[in-house]
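Undergrad: The file below is data38.txt, compact mmCIF, C-alpha atoms and all ligand atoms:
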# COMPACT_ATOMS: atom_id res chain seq x y z
CA MET E 228 49.11 3.10 -34.57
CA LYS E 229 49.15 3.18 -30.74
CA LYS E 230 47.05 6.33 -30.85
CA SER E 231 44.41 4.85 -33.12
CA LEU E 232 44.29 1.69 -30.98
CA SER E 233 43.66 3.84 -27.88
CA PHE E 234 40.96 5.76 -29.73
CA LEU E 235 39.31 2.49 -30.80
CA LEU E 236 39.39 1.21 -27.20
CA ALA E 237 37.93 4.47 -25.93
CA LEU E 238 35.15 4.29 -28.55
CA ILE E 239 34.28 0.69 -27.57
CA LEU E 240 34.22 1.66 -23.86
CA CYS E 241 31.99 4.62 -24.57
CA CYS E 242 29.52 2.49 -26.58
CA ALA E 243 29.44 -0.13 -23.84
CA LEU E 244 28.68 2.49 -21.15
CA THR E 245 25.90 4.03 -23.26
CA ALA E 246 24.32 0.61 -23.78
CA CYS E 247 24.44 -0.17 -20.04
CA GLY E 248 22.84 3.15 -19.19
CA GLY E 249 19.95 2.62 -21.61
CA GLY E 250 16.56 3.29 -20.03
CA GLN E 251 18.05 4.60 -16.79
CA GLY E 252 17.62 8.25 -17.68
CA ALA E 253 20.20 10.98 -17.98
CA ALA E 254 23.09 11.31 -15.59
CA GLY E 255 21.94 13.14 -12.49
CA THR E 256 18.39 11.82 -12.73
CA PRO E 257 17.33 10.59 -9.26
CA SER E 258 17.48 6.82 -9.24
CA ALA E 259 14.31 4.80 -8.94
CA PRO E 260 13.41 3.05 -5.67
CA ALA E 261 14.90 -0.41 -5.30
CA ALA E 262 11.74 -2.28 -6.19
CA SER E 263 11.39 -1.51 -9.86
CA GLN E 264 9.75 -4.89 -10.35
CA PRO E 265 7.12 -6.34 -8.06
CA GLU E 266 8.74 -8.96 -5.86
CA GLU E 267 5.97 -11.20 -6.97
CA THR E 268 3.95 -10.34 -10.02
CA PRO E 269 0.63 -9.03 -8.71
CA ASP E 270 -2.14 -11.48 -9.42
CA ASN E 271 -4.22 -9.64 -11.98
CA SER E 272 -5.50 -12.71 -13.71
CA GLN E 273 -8.98 -11.82 -12.58
CA ALA E 274 -8.63 -8.12 -13.32
CA GLN E 275 -11.73 -6.22 -14.30
CA GLU E 276 -12.25 -5.47 -17.94
CA THR E 277 -13.70 -2.02 -17.30
CA PRO E 278 -11.79 0.56 -19.37
CA ASP E 279 -9.49 2.95 -17.59
CA THR E 280 -10.86 6.37 -16.60
CA SER E 281 -7.99 8.64 -17.55
CA THR E 282 -9.61 11.74 -16.07
CA PRO E 283 -9.24 12.30 -12.31
CA ALA E 284 -12.16 10.92 -10.33
CA ASP E 285 -14.36 12.99 -8.06
CA THR E 286 -12.75 13.79 -4.74
CA PRO E 287 -14.23 11.53 -2.09
CA GLU E 288 -15.71 13.13 0.97
CA THR E 289 -13.52 13.66 3.97
CA THR E 290 -13.93 10.89 6.51
CA GLU E 291 -13.08 10.59 10.16
CA PRO E 292 -12.60 7.43 12.16
CA GLU E 293 -15.73 5.46 12.82
CA GLY E 294 -16.15 5.30 16.60
CA ASP E 295 -15.43 7.40 19.65
CA ALA E 296 -11.84 6.44 20.48
CA GLY E 297 -13.30 4.58 23.48
CA ASN E 298 -10.44 2.14 24.02
CA GLY E 299 -7.60 4.10 22.47
CA VAL E 300 -7.15 1.67 19.56
CA LEU E 301 -7.19 2.95 15.98
CA ILE E 302 -6.92 0.85 12.82
CA VAL E 303 -5.56 2.90 9.94
CA TYR E 304 -5.52 1.17 6.57
CA PHE E 305 -5.18 1.74 2.84
CA THR E 306 -6.97 -0.56 0.44
CA TYR E 307 -7.53 -0.39 -3.31
CA GLY E 308 -11.26 -1.18 -3.16
CA GLU E 309 -11.98 2.05 -1.24
CA ASN E 310 -9.78 4.17 -3.47
CA ALA E 311 -11.19 3.50 -6.92
CA PRO E 312 -14.40 4.68 -8.60
CA LEU E 313 -16.03 1.26 -8.52
CA GLU E 314 -19.68 0.97 -9.40
CA ASP E 315 -22.08 -0.25 -6.73
CA GLY E 316 -22.86 -3.79 -7.65
CA VAL E 317 -19.45 -4.41 -9.23
CA ASP E 318 -18.66 -8.12 -9.29
CA ALA E 319 -16.21 -8.38 -6.39
CA SER E 320 -15.29 -11.90 -7.42
CA ALA E 321 -14.03 -10.52 -10.75
CA SER E 322 -11.04 -8.81 -9.14
CA ALA E 323 -8.17 -10.00 -6.98
CA SER E 324 -8.46 -6.86 -4.90
CA ILE E 325 -12.14 -6.05 -4.44
CA GLN E 326 -14.07 -7.43 -1.50
CA LEU E 327 -17.71 -7.07 -0.55
CA ARG E 328 -18.58 -6.54 3.09
CA ALA E 329 -21.63 -8.11 4.65
CA ASP E 330 -23.32 -4.68 4.64
CA GLY E 331 -22.85 -4.40 0.87
CA THR E 332 -20.05 -1.79 0.91
CA LEU E 333 -16.90 -2.40 -1.09
CA THR E 334 -13.42 -2.67 0.31
CA GLY E 335 -10.25 -4.65 -0.51
CA ASN E 336 -8.16 -7.39 1.07
CA THR E 337 -6.53 -5.04 3.56
CA GLY E 338 -9.92 -3.52 4.37
CA LEU E 339 -11.26 -6.95 5.26
CA ALA E 340 -8.29 -7.56 7.57
CA ALA E 341 -8.84 -4.12 9.13
CA ASP E 342 -12.48 -5.04 9.81
CA MET E 343 -11.37 -8.24 11.54
CA ILE E 344 -8.94 -6.32 13.74
CA ALA E 345 -11.64 -3.78 14.62
CA GLU E 346 -14.03 -6.58 15.48
CA ALA E 347 -11.47 -8.32 17.71
CA THR E 348 -10.10 -5.23 19.46
CA GLY E 349 -13.12 -2.92 19.54
CA GLY E 350 -10.92 -0.25 17.89
CA ASP E 351 -11.98 2.47 15.47
CA LEU E 352 -11.39 2.29 11.72
CA PHE E 353 -9.78 4.98 9.58
CA SER E 354 -9.43 4.48 5.84
CA ILE E 355 -6.65 6.37 4.06
CA LEU E 356 -8.33 7.89 0.99
CA THR E 357 -6.57 9.75 -1.79
CA ALA E 358 -7.95 12.93 -3.34
CA GLU E 359 -7.38 11.47 -6.79
CA GLN E 360 -8.70 7.96 -7.06
CA TYR E 361 -6.89 5.04 -8.67
CA PRO E 362 -8.20 3.58 -11.95
CA ASP E 363 -11.17 1.25 -11.77
CA ASN E 364 -9.06 -1.17 -13.78
CA TYR E 365 -6.68 -3.26 -11.69
CA ASP E 366 -4.02 -3.61 -14.41
CA ASP E 367 -3.86 0.16 -14.78
CA THR E 368 -3.61 0.53 -11.01
CA ILE E 369 -0.56 -1.70 -11.00
CA ASP E 370 1.10 0.71 -13.45
CA VAL E 371 0.01 3.83 -11.55
CA GLY E 372 1.37 2.34 -8.34
CA GLN E 373 4.74 1.83 -9.97
CA THR E 374 4.81 5.30 -11.49
CA GLU E 375 4.06 6.85 -8.09
CA GLN E 376 6.77 4.79 -6.46
CA VAL E 377 9.42 5.71 -9.03
CA ALA E 378 8.49 9.38 -8.58
CA ASN E 379 8.56 8.98 -4.76
CA ALA E 380 5.16 10.69 -4.90
CA ARG E 381 3.08 11.78 -1.93
CA PRO E 382 -0.52 11.58 -3.17
CA GLU E 383 -2.80 14.11 -1.54
CA LEU E 384 -5.15 12.57 1.01
CA SER E 385 -8.83 13.40 1.31
CA SER E 386 -9.51 11.61 4.59
CA GLN E 387 -8.47 13.52 7.71
CA LEU E 388 -7.78 12.33 11.22
CA ASP E 389 -8.62 15.01 13.79
CA ASN E 390 -8.33 13.09 17.05
CA LEU E 391 -5.08 11.14 16.85
CA ASP E 392 -4.33 12.21 20.43
CA SER E 393 -7.18 9.98 21.60
CA TYR E 394 -5.35 6.85 20.49
CA ASP E 395 -2.28 5.18 21.92
CA THR E 396 -2.28 2.03 19.77
CA VAL E 397 -2.36 2.52 16.02
CA PHE E 398 -2.59 -0.44 13.65
CA LEU E 399 -1.33 0.39 10.17
CA GLY E 400 -2.44 -1.84 7.30
CA PHE E 401 -1.59 -1.71 3.62
CA PRO E 402 -1.14 -3.90 0.54
CA ASN E 403 2.37 -4.59 -0.66
CA TRP E 404 2.75 -2.50 -3.81
CA TRP E 405 5.92 -3.23 -5.76
CA GLY E 406 7.77 -4.42 -2.70
CA ASP E 407 6.82 -1.33 -0.69
CA MET E 408 3.87 0.52 0.83
CA PRO E 409 1.55 2.42 -1.49
CA MET E 410 2.84 5.99 -1.58
CA ALA E 411 -0.42 7.21 0.00
CA VAL E 412 0.69 5.45 3.19
CA TYR E 413 3.86 7.54 3.13
CA SER E 414 1.61 10.60 2.74
CA PHE E 415 -0.18 9.52 5.90
CA LEU E 416 3.08 8.94 7.80
CA ASP E 417 4.39 12.34 6.66
CA GLU E 418 1.20 14.06 7.73
CA TYR E 419 0.80 12.57 11.21
CA ASP E 420 3.26 12.35 14.08
CA LEU E 421 2.93 9.00 15.82
CA SER E 422 5.65 9.65 18.41
CA GLY E 423 4.95 7.83 21.66
CA LYS E 424 2.33 5.57 20.09
CA THR E 425 2.46 1.82 19.74
CA MET E 426 2.23 0.92 16.06
CA VAL E 427 1.09 -2.48 14.84
CA PRO E 428 1.62 -3.10 11.12
CA PHE E 429 -0.27 -5.54 8.92
CA VAL E 430 0.10 -6.25 5.23
CA THR E 431 -1.71 -8.21 2.54
CA SER E 432 0.17 -9.31 -0.55
CA GLY E 433 0.45 -11.83 -3.33
CA GLY E 434 3.36 -13.38 -1.44
CA SER E 435 5.96 -10.67 -0.86
CA GLY E 436 4.80 -9.98 2.69
CA PHE E 437 6.25 -6.91 4.38
CA SER E 438 9.38 -6.65 2.19
CA GLY E 439 11.29 -3.69 3.68
CA THR E 440 8.25 -1.84 4.96
CA ILE E 441 8.79 -2.39 8.69
CA ARG E 442 12.10 -0.55 8.41
CA ALA E 443 10.38 2.18 6.38
CA ILE E 444 7.73 2.63 9.10
CA GLU E 445 10.42 2.78 11.81
CA ASN E 446 12.30 5.37 9.79
CA ALA E 447 9.18 7.47 9.23
CA GLU E 448 8.08 7.27 12.89
CA PRO E 449 11.32 6.88 14.87
CA ASP E 450 9.67 7.70 18.20
CA ALA E 451 6.90 5.12 17.92
CA THR E 452 7.20 1.55 19.20
CA VAL E 453 6.59 -0.87 16.34
CA LEU E 454 5.26 -4.30 17.37
CA GLU E 455 5.35 -7.60 15.48
CA GLY E 456 3.30 -7.33 12.31
CA LEU E 457 0.92 -9.70 10.56
CA SER E 458 1.37 -10.69 6.91
CA LEU E 459 -1.61 -12.19 5.07
CA ARG E 460 -1.89 -13.70 1.58
CA ASP E 461 -4.37 -11.80 -0.58
CA SER E 462 -6.10 -14.99 -1.68
CA ARG E 463 -6.79 -15.91 1.95
CA SER E 464 -7.74 -12.51 3.32
CA SER E 465 -11.41 -13.39 3.71
CA GLN E 466 -10.50 -16.45 5.80
CA ALA E 467 -7.92 -14.74 7.99
CA ALA E 468 -10.00 -14.27 11.15
CA ASP E 469 -8.17 -17.03 13.07
CA ASP E 470 -4.74 -15.74 12.04
CA VAL E 471 -5.81 -12.28 13.19
CA THR E 472 -7.09 -13.43 16.59
CA ASP E 473 -4.00 -15.62 17.22
CA TRP E 474 -1.72 -12.71 16.40
CA LEU E 475 -3.66 -10.27 18.58
CA ALA E 476 -3.62 -12.77 21.44
CA ARG E 477 0.18 -13.11 21.09
CA LEU E 478 0.50 -9.35 21.34
CA GLY E 479 -1.98 -9.12 24.20
CA LEU E 480 -4.19 -6.85 22.11
CA ALA E 481 -7.35 -8.93 21.76
CA GLY E 482 -10.32 -6.94 23.05
C1 LIG E 501 0.26 -1.54 -7.69
C2 LIG E 501 0.31 -2.95 -7.16
C3 LIG E 501 1.55 -3.53 -6.91
C4 LIG E 501 1.62 -4.80 -6.32
N1 LIG E 501 2.86 -5.32 -6.03
C5 LIG E 501 2.96 -6.50 -5.37
C6 LIG E 501 4.23 -7.02 -5.00
O1 LIG E 501 5.30 -6.45 -5.26
N2 LIG E 501 4.27 -8.19 -4.32
C7 LIG E 501 3.12 -8.89 -4.00
O2 LIG E 501 3.20 -9.93 -3.37
N3 LIG E 501 1.88 -8.40 -4.34
C8 LIG E 501 1.78 -7.23 -5.01
N4 LIG E 501 0.54 -6.73 -5.35
C9 LIG E 501 -0.68 -7.47 -4.91
C10 LIG E 501 -1.29 -6.86 -3.62
O3 LIG E 501 -0.30 -6.65 -2.62
C11 LIG E 501 -2.35 -7.75 -3.00
O4 LIG E 501 -3.29 -8.20 -3.94
C12 LIG E 501 -3.06 -7.02 -1.85
O5 LIG E 501 -3.74 -7.97 -1.05
C13 LIG E 501 -4.05 -5.99 -2.34
O6 LIG E 501 -4.63 -5.42 -1.19
P1 LIG E 501 -5.92 -4.50 -1.25
O7 LIG E 501 -7.01 -5.32 -1.88
O8 LIG E 501 -6.20 -4.18 0.17
O9 LIG E 501 -5.57 -3.29 -2.03
C14 LIG E 501 0.43 -5.50 -5.98
C15 LIG E 501 -0.80 -4.92 -6.29
C16 LIG E 501 -0.87 -3.66 -6.87
C17 LIG E 501 -2.22 -3.04 -7.17
The structure in this file should be written as structure tokens.
TA:
Amino acid sequence: MKKSLSFLLALILCCALTACGGGQGAAGTPSAPAASQPEETPDNSQAQETPDTSTPADTPETTEPEGDAGNGVLIVYFTYGENAPLEDGVDASASASIQLRADGTLTGNTGLAADMIAEATGGDLFSILTAEQYPDNYDDTIDVGQTEQVANARPELSSQLDNLDSYDTVFLGFPNWWGDMPMAVYSFLDEYDLSGKTMVPFVTSGGSGFSGTIRAIENAEPDATVLEGLSLRDSRSSQAADDVTDWLARLGLAG
């Protein structure tokens, strides 16, 4: 009787453990990064309706920073609008993450902020571009971003920085993706040694702000000095010029 009661208890315990482990993968599978849910659901209410391109996009051409490193300030940024095969003439107002520059080129919220920083500091711009582009559909990009994060991926980059030595102040801008940096930004930080540089982070997001990314940058570049960052709401990125200049003035970095 005692034996069968113990067996029954063991069976119940076993079932309960199996149920709890559901969807977490087999024992020994590396656990997913902390942010398995976006801290704030990305605003995709205005997502494009263009169907997903499931085949890898053409590799973009290698780019170098625009400018001659004149004042030692570099603005490195990742933005969705420069990493997706978007058609010229795409309706930028139809997506939460596509922005049209005055010169007609496409960028994203973080790209707009990067432009403002370049304008105010006189620094050079460098866009982190991935060899394989993200889907032209924003909803699909949200999924790809999560898949890359869970896999702790390091997407291959197609843009190369050859003259990092010429810069002592490096701004680093990115969108908050699932409570973290896009994994392509980790690729950049793995690829380049920013020891001895002053790093100035900025983020655009639907509301999550930096989350834990400042710590992640400090961990990736332990010998860089990381200054106070700027967090911008995605919906206000086109009107952020005053926030940018106030922040730069506080840091003594206005041009
Ligand atoms: C893959 C993905 C994940 C996102 N996760 C978050 C999130 O966790 N929290 C948040 O506030 N916004 C999130 N967003 C919204 C973006 O951070 C925000 O729209 C940002 O400004 C986009 O910048 P970009 O246009 O430069 O790419 C996410 C967007 C994408 C595409």
Undergrad: Calculated over only C-alpha atoms, which of the candidates E:Leu352, E:Ala443, E:Leu384, E:Leu478 has the smallest distance to E:Gly456?
TA: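 The closest residue to E:Gly456 is E:Leu478.
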Undergrad: Take atom O4 of ligand LIG 501 (chain E) and atom CA of E:Ala347 and report the distance between them in Å, one decimal.
TA: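 One can read the atom O4 of ligand LIG 501 (chain E) to atom CA of E:Ala347 distance as 23.1 Å.
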Undergrad: As a PyMOL selection string, please: every protein or nucleic acid residue near ligand LIG 501 (chain E) (cut-off 6 Å, counting all atoms listed in the file).
TA: chain E and resi 265-267+269+306-307+324-325+335-338+368-369+372+402-406+431-435+461
Undergrad: Atom CA of E:Gly350 and atom CA of E:Asn446 are how many Å apart?
TA: 25.2 Å
Undergrad: Would you list the residues near (1.8, -4.5, 13.9) (no more than 12 Å away, in the coordinates of the file, using all atoms listed in the file) as a PyMOL selection string?
TA: chain E and resi 301-304+341+344+396-401+424-430+437+440-441+444-445+451-458+471+474-475+477-480
Undergrad: Identify, on the basis of only C-alpha atoms, every residue whose closest approach to E:Asp450 does not exceed 8 Å; exclude the query and any residue fewer than 4 positions from it along the same chain; express the result as a list in words.
TA: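 Answer for this query is Leu421, Ser422, Gly423 and Lys424 of chain E.
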Undergrad: Rounded to one decimal place, report the atom CA of E:Ser465-atom CA of E:Glu314 distance in Å.
TA: 21.1 Å
Undergrad: Between E:Leu459, E:Leu356, E:Ala447, E:Leu388, single out the one closest to E:Phe305, counting all atoms listed in the file.
TA: E:Leu356
Undergrad: Which residue is closest to E:Thr334? Choose from E:Ser393, E:Ser464, E:Thr472, E:Ser438 and count only C-alpha atoms.
TA: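 For E:Thr334, the nearest of the candidates is E:Ser464.
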Undergrad: Excluding same-chain residues fewer than 2 positions from E:Gly331, what lies within 9 Å of it counting all atoms listed in the file, as a ChimeraX atom specification?
TA: /E:315-316,327-329,333
Undergrad: Would you mind exporting C-alpha atoms of the selected residues as a short mmCIF file (atom, residue, chain, number, x, y, z; two decimals), in the frame of the given file?
TA:
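This went into part-v4.cif:
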data_model
loop_
_atom_site.label_atom_id
_atom_site.label_comp_id
_atom_site.auth_asym_id
_atom_site.auth_seq_id
_atom_site.Cartn_x
_atom_site.Cartn_y
_atom_site.Cartn_z
CA ASP E 315 -22.08 -0.25 -6.73
CA GLY E 316 -22.86 -3.79 -7.65
CA LEU E 327 -17.71 -7.07 -0.55
CA ARG E 328 -18.58 -6.54 3.09
CA ALA E 329 -21.63 -8.11 4.65
CA LEU E 333 -16.90 -2.40 -1.09
#
